[in-house]
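One file, protein_12.tsv, is given below (TSV, C-alpha atoms).
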```
chain	number	residue	atom	x	y	z
A	491	MET	CA	-65.84	-24.94	66.96
A	492	SER	CA	-63.36	-22.76	65.09
A	493	ARG	CA	-59.80	-22.46	66.36
A	494	PRO	CA	-58.59	-19.03	67.53
A	495	ARG	CA	-56.60	-17.32	64.80
A	496	ILE	CA	-52.99	-16.32	65.52
A	497	ALA	CA	-51.47	-13.79	63.12
A	498	LEU	CA	-47.67	-13.87	62.99
A	499	LEU	CA	-46.48	-10.55	61.54
A	500	ARG	CA	-42.82	-11.03	60.59
A	501	GLY	CA	-42.05	-8.59	57.77
A	502	ALA	CA	-38.96	-9.76	55.87
A	503	TYR	CA	-37.59	-12.25	58.40
A	504	LEU	CA	-39.80	-15.32	58.75
A	505	GLY	CA	-37.74	-18.47	58.22
A	506	PRO	CA	-38.20	-22.21	58.82
A	507	PHE	CA	-36.04	-21.96	61.95
A	508	GLU	CA	-38.92	-19.93	63.48
A	509	THR	CA	-41.95	-21.57	61.88
A	510	GLN	CA	-41.01	-24.93	63.43
A	511	ASN	CA	-41.90	-23.46	66.84
A	512	TYR	CA	-45.46	-22.59	65.77
A	513	GLU	CA	-46.34	-25.63	63.66
A	514	PRO	CA	-47.10	-27.84	66.72
A	515	LEU	CA	-49.82	-25.33	67.67
A	516	LEU	CA	-51.96	-26.11	64.61
A	517	GLU	CA	-54.17	-28.60	66.46
A	518	SER	CA	-55.35	-25.82	68.78
A	519	PHE	CA	-54.93	-22.63	66.74
A	520	ASP	CA	-55.36	-21.31	63.21
A	521	VAL	CA	-51.83	-19.95	62.74
A	522	ARG	CA	-51.05	-17.73	59.75
A	523	GLY	CA	-47.81	-16.01	58.81
A	524	TYR	CA	-47.75	-12.57	57.16
A	525	ILE	CA	-44.59	-11.50	55.37
A	526	LEU	CA	-43.28	-8.98	52.86
A	527	ARG	CA	-42.22	-10.03	49.37
A	528	GLN	CA	-38.53	-9.41	50.15
A	529	ASN	CA	-38.55	-12.18	52.77
A	530	PRO	CA	-35.53	-14.26	51.64
A	531	PHE	CA	-36.26	-17.57	53.36
A	532	ASP	CA	-37.68	-20.72	51.81
A	533	LEU	CA	-41.08	-21.40	53.41
A	534	GLU	CA	-42.30	-24.06	50.96
A	535	GLN	CA	-42.37	-26.74	53.67
A	536	CYS	CA	-44.18	-24.57	56.23
A	537	ARG	CA	-47.32	-26.32	57.49
A	538	PHE	CA	-49.41	-23.18	58.06
A	539	PRO	CA	-50.53	-20.60	55.46
A	540	ILE	CA	-48.10	-17.83	54.52
A	541	VAL	CA	-49.61	-14.61	53.19
A	542	VAL	CA	-47.39	-12.23	51.19
A	543	CYS	CA	-48.47	-8.65	51.86
A	544	ASP	CA	-47.99	-6.27	48.91
A	545	PHE	CA	-48.61	-2.54	48.74
A	546	PRO	CA	-51.29	-1.75	46.10
A	547	ASP	CA	-48.85	-0.22	43.60
A	548	ALA	CA	-46.56	-3.27	43.72
A	549	ARG	CA	-48.90	-5.12	41.37
A	550	LEU	CA	-48.42	-2.36	38.80
A	551	LEU	CA	-44.66	-2.02	39.20
A	552	GLY	CA	-43.54	-5.65	38.99
A	553	GLY	CA	-43.33	-6.18	42.74
A	554	ARG	CA	-41.68	-2.86	43.60
A	555	SER	CA	-43.59	-0.26	45.58
A	556	LEU	CA	-43.15	3.51	45.55
A	557	ILE	CA	-45.35	3.66	48.65
A	558	ASN	CA	-42.97	1.35	50.48
A	559	ALA	CA	-39.93	3.30	49.25
A	560	TRP	CA	-41.48	6.58	50.44
A	561	ARG	CA	-42.32	5.20	53.88
A	562	THR	CA	-38.89	3.59	54.23
A	563	ARG	CA	-36.59	6.32	52.90
A	564	ILE	CA	-38.52	9.51	53.61
A	565	LEU	CA	-40.34	8.57	56.82
A	566	GLY	CA	-37.54	6.33	58.07
A	567	GLN	CA	-39.86	3.40	58.79
A	568	ARG	CA	-38.26	-0.04	58.80
A	569	TYR	CA	-40.46	-2.68	57.15
A	570	PRO	CA	-43.93	-1.14	57.18
A	571	MET	CA	-46.58	-3.70	56.14
A	572	PRO	CA	-49.75	-3.06	54.14
A	573	GLY	CA	-53.15	-4.28	55.33
A	574	VAL	CA	-52.28	-4.52	59.04
A	575	ASN	CA	-55.68	-3.19	60.15
A	576	GLY	CA	-57.49	-5.91	58.20
A	577	ILE	CA	-55.16	-8.62	59.54
A	578	VAL	CA	-55.79	-7.50	63.12
A	579	ARG	CA	-59.58	-7.36	62.65
A	580	GLU	CA	-59.61	-10.97	61.45
A	581	SER	CA	-57.38	-12.30	64.26
A	582	ASP	CA	-57.85	-13.34	67.87
A	583	ILE	CA	-54.19	-12.74	68.79
A	584	VAL	CA	-51.48	-10.85	66.92
A	585	HIS	CA	-47.84	-11.83	67.45
A	586	THR	CA	-45.13	-9.50	66.15
A	587	PHE	CA	-41.39	-9.22	66.56
A	588	GLU	CA	-39.20	-6.36	67.83
A	589	GLY	CA	-40.56	-2.92	68.54
A	590	TRP	CA	-38.36	-1.00	66.11
A	591	TYR	CA	-39.98	-2.68	63.10
A	592	ALA	CA	-42.69	-0.40	61.72
A	593	TYR	CA	-45.16	-3.28	61.40
A	594	THR	CA	-45.06	-3.87	65.17
A	595	ARG	CA	-46.02	-0.26	65.82
A	596	GLN	CA	-48.76	-0.50	63.16
A	597	ALA	CA	-50.07	-3.66	64.85
A	598	ALA	CA	-49.99	-2.04	68.29
A	599	ASN	CA	-52.19	0.83	67.08
A	600	ALA	CA	-54.63	-1.55	65.39
A	601	CYS	CA	-54.73	-3.95	68.36
A	602	GLU	CA	-55.66	-1.08	70.68
A	603	ARG	CA	-58.35	0.07	68.27
A	604	TYR	CA	-59.93	-3.39	67.83
A	605	ARG	CA	-59.15	-4.70	71.34
A	606	VAL	CA	-57.06	-7.63	70.11
A	607	PRO	CA	-54.28	-9.01	72.37
A	608	LEU	CA	-50.76	-8.25	71.11
A	609	VAL	CA	-47.67	-10.39	71.81
A	610	VAL	CA	-44.22	-9.04	70.90
A	611	THR	CA	-41.05	-11.14	70.79
A	612	HIS	CA	-38.04	-9.02	71.74
A	613	TRP	CA	-34.49	-10.06	70.73
A	614	ASP	CA	-32.40	-6.91	71.28
A	615	THR	CA	-29.92	-7.16	74.16
A	616	LEU	CA	-29.17	-3.42	74.25
A	617	PRO	CA	-31.59	-0.64	75.26
A	618	TYR	CA	-32.64	1.72	72.46
A	619	GLU	CA	-31.11	4.85	73.99
A	620	GLY	CA	-28.38	6.09	71.65
A	621	SER	CA	-29.24	3.72	68.79
A	622	VAL	CA	-32.80	4.85	67.96
A	623	ASP	CA	-33.97	8.40	67.35
A	624	PRO	CA	-36.17	9.91	70.12
A	625	LYS	CA	-39.38	9.89	68.04
A	626	THR	CA	-39.05	6.22	67.11
A	627	ARG	CA	-38.08	5.33	70.67
A	628	GLN	CA	-41.26	7.00	71.92
A	629	GLU	CA	-43.31	5.05	69.37
A	630	ILE	CA	-41.66	1.80	70.50
A	631	ALA	CA	-42.53	2.60	74.11
A	632	GLN	CA	-46.16	3.20	73.08
A	633	ALA	CA	-46.23	-0.13	71.23
A	634	TYR	CA	-44.88	-1.98	74.25
A	635	ARG	CA	-47.47	-0.31	76.48
A	636	ALA	CA	-50.16	-1.61	74.11
A	637	ALA	CA	-48.77	-5.16	74.21
A	638	SER	CA	-50.42	-7.76	76.42
A	639	CYS	CA	-47.13	-9.64	76.78
A	640	ILE	CA	-43.52	-9.21	75.65
A	641	LEU	CA	-41.42	-12.34	75.18
A	642	ALA	CA	-37.72	-11.69	75.88
A	643	THR	CA	-35.64	-14.39	74.17
A	644	THR	CA	-32.79	-14.09	76.72
A	645	ASN	CA	-32.25	-12.57	80.13
A	646	ALA	CA	-30.03	-9.97	78.44
A	647	ALA	CA	-33.03	-8.96	76.28
A	648	ARG	CA	-35.17	-8.84	79.44
A	649	GLN	CA	-32.70	-6.48	81.11
A	650	ALA	CA	-32.75	-4.22	78.03
A	651	LEU	CA	-36.55	-4.06	78.24
A	652	LEU	CA	-36.42	-3.17	81.92
A	653	GLN	CA	-33.96	-0.37	81.15
A	654	GLU	CA	-36.47	0.90	78.59
A	655	GLY	CA	-39.11	1.12	81.34
A	656	VAL	CA	-41.20	-1.91	80.36
A	657	PRO	CA	-43.04	-3.21	83.47
A	658	GLU	CA	-41.49	-6.42	84.79
A	659	GLU	CA	-44.86	-8.18	85.03
A	660	LYS	CA	-45.39	-7.75	81.29
A	661	ILE	CA	-42.18	-9.62	80.37
A	662	ARG	CA	-41.79	-13.38	79.99
A	663	LEU	CA	-38.55	-15.19	79.22
A	664	GLN	CA	-39.08	-17.32	76.13
A	665	GLY	CA	-36.39	-18.39	73.70
A	666	MET	CA	-36.93	-20.19	70.42
A	667	GLY	CA	-36.39	-23.87	69.78
A	668	VAL	CA	-35.30	-26.48	67.28
A	669	ASP	CA	-36.52	-29.95	66.38
A	670	VAL	CA	-34.39	-31.98	68.79
A	671	GLU	CA	-35.17	-35.19	66.89
A	672	ARG	CA	-33.71	-33.82	63.67
A	673	PHE	CA	-30.87	-31.98	65.39
A	674	SER	CA	-29.65	-35.01	67.29
A	675	PRO	CA	-26.27	-36.71	67.82
A	676	ALA	CA	-25.35	-39.01	64.94
A	677	GLU	CA	-22.39	-40.10	62.85
A	678	ARG	CA	-20.98	-37.93	60.10
A	679	ASP	CA	-22.39	-38.37	56.60
A	680	PRO	CA	-19.54	-40.03	54.63
A	681	ASP	CA	-20.80	-38.63	51.32
A	682	LEU	CA	-20.76	-35.10	52.74
A	683	LEU	CA	-17.25	-35.64	54.10
A	684	GLN	CA	-16.09	-36.78	50.70
A	685	ARG	CA	-17.75	-33.82	48.97
A	686	LEU	CA	-15.85	-31.43	51.23
A	687	HIS	CA	-12.56	-33.35	50.92
A	688	LEU	CA	-12.57	-34.15	54.63
A	689	ASP	CA	-11.42	-37.43	56.17
A	690	ALA	CA	-13.23	-39.37	58.86
A	691	SER	CA	-10.17	-38.90	61.10
A	692	ASP	CA	-10.16	-35.09	60.75
A	693	PHE	CA	-10.83	-32.96	63.83
A	694	VAL	CA	-13.28	-30.42	62.43
A	695	PHE	CA	-13.88	-26.99	63.96
A	696	LEU	CA	-17.19	-25.81	62.50
A	697	PHE	CA	-18.56	-22.28	62.16
A	698	ILE	CA	-22.03	-21.64	60.69
A	699	GLY	CA	-23.21	-18.08	60.25
A	700	ARG	CA	-22.57	-14.80	58.49
A	701	LEU	CA	-18.93	-14.33	57.55
A	702	ALA	CA	-18.67	-10.88	59.10
A	703	ALA	CA	-16.32	-9.14	61.55
A	704	GLU	CA	-18.93	-9.11	64.33
A	705	LYS	CA	-19.08	-12.90	64.21
A	706	GLY	CA	-15.41	-13.12	65.17
A	707	VAL	CA	-14.29	-14.92	62.02
A	708	ARG	CA	-10.93	-13.10	61.89
A	709	GLU	CA	-10.16	-14.11	65.47
A	710	LEU	CA	-11.18	-17.64	64.54
A	711	MET	CA	-8.82	-17.68	61.57
A	712	TYR	CA	-5.86	-16.38	63.61
A	713	ALA	CA	-6.56	-18.89	66.40
A	714	PHE	CA	-6.76	-21.73	63.88
A	715	LYS	CA	-3.50	-20.61	62.28
A	716	ALA	CA	-1.80	-20.79	65.70
A	717	LEU	CA	-3.34	-24.22	66.34
A	718	ARG	CA	-2.05	-25.63	63.07
A	719	GLN	CA	1.47	-24.62	64.07
A	720	CYS	CA	1.27	-26.94	67.11
A	721	PRO	CA	2.74	-30.46	66.77
A	722	GLY	CA	0.11	-33.11	66.10
A	723	SER	CA	-2.44	-30.71	64.62
A	724	GLU	CA	-2.10	-31.82	61.01
A	725	ASN	CA	-5.59	-33.34	61.07
A	726	ALA	CA	-7.26	-30.13	62.35
A	727	LYS	CA	-9.64	-28.61	59.81
A	728	LEU	CA	-11.73	-25.44	59.88
A	729	LEU	CA	-15.09	-25.56	58.09
A	730	LEU	CA	-16.90	-22.24	57.64
A	731	VAL	CA	-20.45	-22.28	56.26
A	732	GLY	CA	-21.99	-19.01	55.10
A	733	HIS	CA	-21.58	-15.86	53.04
A	734	GLY	CA	-20.49	-12.40	54.09
A	735	PRO	CA	-18.02	-9.55	53.58
A	736	GLU	CA	-15.11	-11.44	55.17
A	737	ARG	CA	-15.31	-14.39	52.78
A	738	GLU	CA	-12.57	-13.21	50.43
A	739	TRP	CA	-10.31	-12.18	53.32
A	740	ILE	CA	-10.69	-15.70	54.72
A	741	ARG	CA	-9.92	-17.26	51.37
A	742	GLY	CA	-6.89	-15.01	50.80
A	743	SER	CA	-5.54	-15.53	54.32
A	744	ALA	CA	-5.83	-19.32	54.06
A	745	GLN	CA	-3.90	-19.20	50.79
A	746	SER	CA	-1.16	-16.87	52.09
A	747	TRP	CA	-0.75	-19.06	55.20
A	748	THR	CA	-0.66	-22.21	52.99
A	749	LEU	CA	-3.74	-23.49	54.82
A	750	GLN	CA	-6.03	-23.64	51.80
A	751	LYS	CA	-6.46	-27.42	52.25
A	752	ALA	CA	-7.17	-27.02	55.96
A	753	VAL	CA	-9.71	-24.19	55.69
A	754	VAL	CA	-12.90	-25.25	53.90
A	755	LEU	CA	-15.37	-22.57	52.79
A	756	ALA	CA	-18.93	-23.63	51.99
A	757	PRO	CA	-21.91	-21.49	50.93
A	758	PRO	CA	-25.08	-21.25	53.05
A	759	VAL	CA	-26.92	-24.56	53.35
A	760	PRO	CA	-30.72	-25.06	53.05
A	761	TYR	CA	-32.27	-25.34	56.49
A	762	GLY	CA	-33.59	-28.80	55.74
A	763	GLU	CA	-29.99	-30.06	55.40
A	764	ILE	CA	-28.16	-28.04	58.04
A	765	HIS	CA	-28.41	-30.74	60.73
A	766	GLN	CA	-26.13	-32.97	58.63
A	767	TRP	CA	-23.51	-30.23	58.62
A	768	HIS	CA	-23.66	-29.81	62.39
A	769	ARG	CA	-22.83	-33.51	62.68
A	770	LEU	CA	-19.54	-32.93	60.85
A	771	ALA	CA	-18.25	-30.89	63.77
A	772	SER	CA	-15.83	-32.17	66.35
A	773	VAL	CA	-16.26	-28.74	68.00
A	774	PHE	CA	-18.65	-25.94	67.09
A	775	VAL	CA	-17.05	-22.48	67.36
A	776	PHE	CA	-19.10	-19.28	67.57
A	777	PRO	CA	-16.69	-16.46	68.57
A	778	SER	CA	-19.11	-13.53	68.25
A	779	VAL	CA	-17.81	-10.07	69.24
A	780	PRO	CA	-19.89	-7.02	70.24
A	781	SER	CA	-19.78	-3.58	68.66
A	782	ALA	CA	-20.84	-0.23	70.08
A	783	SER	CA	-24.39	-0.71	68.83
A	784	VAL	CA	-24.87	-4.48	68.39
A	785	GLN	CA	-24.56	-7.53	70.60
A	786	GLU	CA	-25.38	-11.14	69.79
A	787	GLN	CA	-29.10	-11.62	70.36
A	788	PHE	CA	-29.82	-15.35	70.42
A	789	GLY	CA	-27.70	-17.46	68.09
A	790	TYR	CA	-29.86	-20.12	66.45
A	791	ALA	CA	-26.75	-21.96	65.26
A	792	LEU	CA	-25.71	-22.33	68.90
A	793	VAL	CA	-29.00	-24.02	69.80
A	794	GLU	CA	-28.70	-26.30	66.75
A	795	ALA	CA	-25.15	-27.30	67.74
A	796	MET	CA	-26.23	-27.87	71.35
A	797	SER	CA	-29.10	-30.09	70.24
A	798	THR	CA	-26.71	-32.05	68.00
A	799	GLY	CA	-24.61	-32.78	71.09
A	800	ARG	CA	-21.49	-30.97	69.96
A	801	PRO	CA	-19.03	-29.30	72.35
A	802	ILE	CA	-19.09	-25.54	71.85
A	803	ILE	CA	-16.62	-22.68	72.17
A	804	THR	CA	-18.29	-19.27	72.26
A	805	THR	CA	-18.04	-15.83	73.86
A	806	ARG	CA	-19.63	-13.70	76.56
A	807	ASN	CA	-21.50	-11.48	74.13
A	808	GLY	CA	-25.09	-10.31	74.52
A	809	GLY	CA	-27.52	-13.17	75.08
A	810	ILE	CA	-25.05	-16.00	74.43
A	811	PRO	CA	-24.34	-16.86	78.12
A	812	ASP	CA	-28.10	-17.15	78.70
A	813	ILE	CA	-28.32	-19.71	75.89
A	814	VAL	CA	-25.34	-21.95	76.68
A	815	ALA	CA	-25.06	-21.45	80.49
A	816	ASP	CA	-22.36	-23.89	81.67
A	817	ALA	CA	-22.82	-26.24	78.73
A	818	ALA	CA	-20.04	-24.64	76.65
A	819	CYS	CA	-16.54	-23.25	76.86
A	820	VAL	CA	-17.20	-19.50	77.13
A	821	ILE	CA	-14.36	-16.99	76.63
A	822	ALA	CA	-14.02	-13.22	76.42
A	823	PRO	CA	-15.03	-11.83	73.00
A	824	GLY	CA	-12.17	-10.75	70.75
A	825	ASP	CA	-9.53	-12.71	72.75
A	826	THR	CA	-7.67	-14.63	70.04
A	827	ASP	CA	-5.24	-16.22	72.50
A	828	ALA	CA	-8.07	-17.53	74.70
A	829	LEU	CA	-9.81	-18.87	71.60
A	830	PHE	CA	-6.63	-20.67	70.49
A	831	LYS	CA	-6.15	-22.20	73.96
A	832	ALA	CA	-9.77	-23.39	74.10
A	833	MET	CA	-9.51	-24.97	70.64
A	834	ALA	CA	-6.24	-26.68	71.55
A	835	ALA	CA	-7.61	-27.90	74.89
A	836	LEU	CA	-10.70	-29.47	73.33
A	837	LYS	CA	-8.71	-31.07	70.54
A	838	GLU	CA	-6.53	-32.84	73.08
A	839	ASN	CA	-9.24	-33.78	75.58
A	840	ALA	CA	-11.83	-36.23	74.29
A	841	GLY	CA	-13.39	-36.57	77.74
A	842	LEU	CA	-14.02	-32.83	78.03
A	843	CYS	CA	-15.52	-32.82	74.53
A	844	ARG	CA	-17.86	-35.63	75.49
A	845	ARG	CA	-18.95	-33.96	78.76
A	846	LEU	CA	-19.60	-30.60	77.08
A	847	GLY	CA	-21.50	-32.27	74.24
A	848	GLU	CA	-23.71	-34.23	76.64
A	849	ALA	CA	-24.41	-31.13	78.73
A	850	ALA	CA	-25.25	-29.14	75.60
A	851	ARG	CA	-27.65	-31.80	74.35
A	852	GLY	CA	-29.38	-32.04	77.73
A	853	ARG	CA	-29.84	-28.27	77.95
A	854	ALA	CA	-31.21	-28.06	74.41
A	855	VAL	CA	-33.77	-30.80	75.03
A	856	GLU	CA	-34.87	-29.23	78.32
A	857	LYS	CA	-34.99	-25.57	77.27
A	858	PHE	CA	-34.90	-25.21	73.51
A	859	SER	CA	-36.94	-27.95	71.89
A	860	THR	CA	-39.87	-26.98	69.68
A	861	ARG	CA	-42.08	-29.14	71.93
A	862	VAL	CA	-41.19	-27.09	75.02
A	863	VAL	CA	-41.41	-23.75	73.22
A	864	SER	CA	-44.74	-24.51	71.53
A	865	GLN	CA	-46.27	-25.71	74.81
A	866	ASN	CA	-45.25	-22.45	76.48
A	867	LEU	CA	-46.73	-20.46	73.60
A	868	LYS	CA	-49.92	-22.51	73.75
A	869	ARG	CA	-50.36	-21.70	77.45
A	870	LEU	CA	-49.82	-18.00	76.78
A	871	TYR	CA	-52.23	-17.90	73.85
A	872	CYS	CA	-54.90	-19.76	75.83
A	873	GLN	CA	-54.57	-17.29	78.71
A	874	LEU	CA	-54.95	-14.35	76.32
A	875	CYS	CA	-57.97	-15.94	74.62
A	876	GLN	CA	-59.66	-16.46	78.01
A	877	ARG	CA	-59.15	-12.81	78.87
```
Can I see the file as structure tokens?
Amino acid sequence: MSRPRIALLRGAYLGPFETQNYEPLLESFDVRGYILRQNPFDLEQCRFPIVVCDFPDARLLGGRSLINAWRTRILGQRYPMPGVNGIVRESDIVHTFEGWYAYTRQAANACERYRVPLVVTHWDTLPYEGSVDPKTRQEIAQAYRAASCILATTNAARQALLQEGVPEEKIRLQGMGVDVERFSPAERDPDLLQRLHLDASDFVFLFIGRLAAEKGVRELMYAFKALRQCPGSENAKLLLVGHGPEREWIRGSAQSWTLQKAVVLAPPVPYGEIHQWHRLASVFVFPSVPSASVQEQFGYALVEAMSTGRPIITTRNGGIPDIVADAACVIAPGDTDALFKAMAALKENAGLCRRLGEAARGRAVEKFSTRVVSQNLKRLYCQLCQR
């Protein structure tokens, strides 16, 4: 008997951090991922087929598409995908992500036409009013009406959906998970420490993410500067992993504050290696700050750090409190003084670090393991297939 086919439509944003949640389903379902050519993530190790969807003229223009450019720039569509009707016809369930992507609205129309169940994962923690033009907002509402189920990754995302008028009975809370065996507590890799010029005795504050203002990296730098001025903080180090527009400001500030040996900048790390970097942390710091139009949605790096059993300092921004609950030190976003005090407190309190790390690990295993997430998805898919 053939397995039901699940089509994951993900446009330009399917990465291994998501595929790990669907790979355990392969015994029961024929899972296939559909992406656009500009998808930047390495999917070589993905265990299910990945189909790159190209517009017809892309083959003639070396991968570029005038059709795509016209739909994106003139029609204002974000990530339209070619061949959606055919994908839907061949599938038993279609799973897309976020209503403001054009491919989700394409899939909703096709799923209604061919009577195929549609699942939409929703990340946004703010309602669309004020950030999306009225026409697109109406199209999003139509897509969500066509959906059989909408998976809100946090309670903040659920509240945003309710404010948009989505019926409560159509919404399920479902975050994403990590491999809790790979992201597990372990000793630091001595070779990696040596490569980064860190000592085994260093107290390492780790940040992993985009080096951008909305991630709170300036507040983190100022808080770390204040910490290093405290007696006994000579072994405190700040390791930032990622790229972004604030990278040169960070580098220049560290130099002007004579902290260039204490602030370590590293480029993005392949996902297959990132668990080793989480193990370098004495404390993981994720001081995200909201803007008028954007809040933190989920924070995969938070779940990875939790699963690795590291104590966490983070902020009340968007969906973050729903992820960490009471298993982290949570402060007000943008409060540099509170961030400094939290960093200093954890550096001086090994018992608090241990308790927070154990609580974080327990929460990750219970709520955010790929085993738990995939089992929840399996139940949902089976229910939709029976309908």
Nearby residues (all atoms listed in the file) at most 7 Å from stretch 533-537 of chain A, same-chain spacing under 6 positions excluded, as a compact mmCIF listing (two decimals) with C-alpha atoms, in the frame of the given file:
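Listing of result_6.txt after writing:
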```
# COMPACT_ATOMS: atom_id res chain seq x y z
CA GLY A 505 -37.74 -18.47 58.22
CA PRO A 506 -38.20 -22.21 58.82
CA THR A 509 -41.95 -21.57 61.88
CA GLU A 513 -46.34 -25.63 63.66
```
Residue contacts of A:Arg851 (6 Å, all atoms listed in the file) excluding same-chain residues fewer than 2 positions away, as a PDB file with C-alpha atoms, keeping the file's coordinate frame:
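Printed below is part-v2.pdb as written:
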```pdb
ATOM      1  CA  MET A 796     -26.230 -27.870  71.350  1.00  0.00           C
ATOM      2  CA  SER A 797     -29.100 -30.090  70.240  1.00  0.00           C
ATOM      3  CA  GLY A 799     -24.610 -32.780  71.090  1.00  0.00           C
ATOM      4  CA  GLU A 848     -23.710 -34.230  76.640  1.00  0.00           C
ATOM      5  CA  ALA A 849     -24.410 -31.130  78.730  1.00  0.00           C
ATOM      6  CA  ARG A 853     -29.840 -28.270  77.950  1.00  0.00           C
ATOM      7  CA  ALA A 854     -31.210 -28.060  74.410  1.00  0.00           C
TER       8      ALA A 854
END
```
Quick one: pull the distance between atom CA of A:Pro617 and atom CA of A:Ile810, Å, one decimal.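 According to the coordinates, atom CA of A:Pro617 and atom CA of A:Ile810 are separated by 16.7 Å.
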Q) What gap, in Å, lies between atom CA of A:Leu846 and atom CA of A:Thr644? A)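 Between these atoms lies a distance of 21.1 Å.
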What is the atom CA of A:Glu588 to atom CA of A:His612 distance in Å?
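Separation between atom CA of A:Glu588 and atom CA of A:His612: 4.9 Å.
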Assuming the input is short of atoms at stretch 509-523 of chain A, produce N, CA, C and O atoms for that part as a PDB file, keeping the file's coordinate frame.
```pdb
ATOM      1  N   THR A 509     -40.631 -20.954  62.088  1.00  0.00           N
ATOM      2  CA  THR A 509     -41.950 -21.570  61.880  1.00  0.00           C
ATOM      3  C   THR A 509     -42.068 -22.918  62.586  1.00  0.00           C
ATOM      4  O   THR A 509     -43.167 -23.312  62.997  1.00  0.00           O
ATOM      5  N   GLN A 510     -40.946 -23.621  62.773  1.00  0.00           N
ATOM      6  CA  GLN A 510     -41.010 -24.930  63.430  1.00  0.00           C
ATOM      7  C   GLN A 510     -41.526 -24.824  64.872  1.00  0.00           C
ATOM      8  O   GLN A 510     -42.023 -25.795  65.438  1.00  0.00           O
ATOM      9  N   ASN A 511     -41.423 -23.643  65.476  1.00  0.00           N
ATOM     10  CA  ASN A 511     -41.900 -23.460  66.840  1.00  0.00           C
ATOM     11  C   ASN A 511     -43.415 -23.260  66.907  1.00  0.00           C
ATOM     12  O   ASN A 511     -44.020 -23.442  67.970  1.00  0.00           O
ATOM     13  N   TYR A 512     -44.025 -22.880  65.793  1.00  0.00           N
ATOM     14  CA  TYR A 512     -45.460 -22.590  65.770  1.00  0.00           C
ATOM     15  C   TYR A 512     -46.267 -23.714  65.121  1.00  0.00           C
ATOM     16  O   TYR A 512     -47.468 -23.824  65.365  1.00  0.00           O
ATOM     17  N   GLU A 513     -45.626 -24.548  64.328  1.00  0.00           N
ATOM     18  CA  GLU A 513     -46.340 -25.630  63.660  1.00  0.00           C
ATOM     19  C   GLU A 513     -47.009 -26.611  64.631  1.00  0.00           C
ATOM     20  O   GLU A 513     -48.129 -27.070  64.365  1.00  0.00           O
ATOM     21  N   PRO A 514     -46.401 -26.935  65.791  1.00  0.00           N
ATOM     22  CA  PRO A 514     -47.100 -27.840  66.720  1.00  0.00           C
ATOM     23  C   PRO A 514     -48.388 -27.267  67.308  1.00  0.00           C
ATOM     24  O   PRO A 514     -49.173 -28.008  67.904  1.00  0.00           O
ATOM     25  N   LEU A 515     -48.620 -25.969  67.114  1.00  0.00           N
ATOM     26  CA  LEU A 515     -49.820 -25.330  67.670  1.00  0.00           C
ATOM     27  C   LEU A 515     -51.053 -25.508  66.776  1.00  0.00           C
ATOM     28  O   LEU A 515     -52.156 -25.123  67.167  1.00  0.00           O
ATOM     29  N   LEU A 516     -50.871 -26.101  65.588  1.00  0.00           N
ATOM     30  CA  LEU A 516     -51.960 -26.110  64.610  1.00  0.00           C
ATOM     31  C   LEU A 516     -53.173 -26.913  65.049  1.00  0.00           C
ATOM     32  O   LEU A 516     -54.273 -26.687  64.552  1.00  0.00           O
ATOM     33  N   GLU A 517     -53.006 -27.847  65.973  1.00  0.00           N
ATOM     34  CA  GLU A 517     -54.170 -28.600  66.460  1.00  0.00           C
ATOM     35  C   GLU A 517     -55.103 -27.703  67.273  1.00  0.00           C
ATOM     36  O   GLU A 517     -56.313 -27.940  67.327  1.00  0.00           O
ATOM     37  N   SER A 518     -54.550 -26.670  67.893  1.00  0.00           N
ATOM     38  CA  SER A 518     -55.350 -25.820  68.780  1.00  0.00           C
ATOM     39  C   SER A 518     -55.636 -24.441  68.204  1.00  0.00           C
ATOM     40  O   SER A 518     -56.597 -23.794  68.623  1.00  0.00           O
ATOM     41  N   PHE A 519     -54.804 -23.988  67.246  1.00  0.00           N
ATOM     42  CA  PHE A 519     -54.930 -22.630  66.740  1.00  0.00           C
ATOM     43  C   PHE A 519     -54.831 -22.593  65.221  1.00  0.00           C
ATOM     44  O   PHE A 519     -54.179 -23.438  64.606  1.00  0.00           O
ATOM     45  N   ASP A 520     -55.481 -21.598  64.643  1.00  0.00           N
ATOM     46  CA  ASP A 520     -55.360 -21.310  63.210  1.00  0.00           C
ATOM     47  C   ASP A 520     -54.230 -20.301  63.057  1.00  0.00           C
ATOM     48  O   ASP A 520     -54.433 -19.096  63.186  1.00  0.00           O
ATOM     49  N   VAL A 521     -53.019 -20.805  62.823  1.00  0.00           N
ATOM     50  CA  VAL A 521     -51.830 -19.950  62.740  1.00  0.00           C
ATOM     51  C   VAL A 521     -51.616 -19.528  61.290  1.00  0.00           C
ATOM     52  O   VAL A 521     -51.680 -20.360  60.368  1.00  0.00           O
ATOM     53  N   ARG A 522     -51.346 -18.240  61.089  1.00  0.00           N
ATOM     54  CA  ARG A 522     -51.050 -17.730  59.750  1.00  0.00           C
ATOM     55  C   ARG A 522     -49.869 -16.769  59.827  1.00  0.00           C
ATOM     56  O   ARG A 522     -49.794 -15.950  60.739  1.00  0.00           O
ATOM     57  N   GLY A 523     -48.967 -16.889  58.872  1.00  0.00           N
ATOM     58  CA  GLY A 523     -47.810 -16.010  58.810  1.00  0.00           C
ATOM     59  C   GLY A 523     -48.006 -14.929  57.758  1.00  0.00           C
ATOM     60  O   GLY A 523     -48.488 -15.215  56.655  1.00  0.00           O
TER      61      GLY A 523
END
```
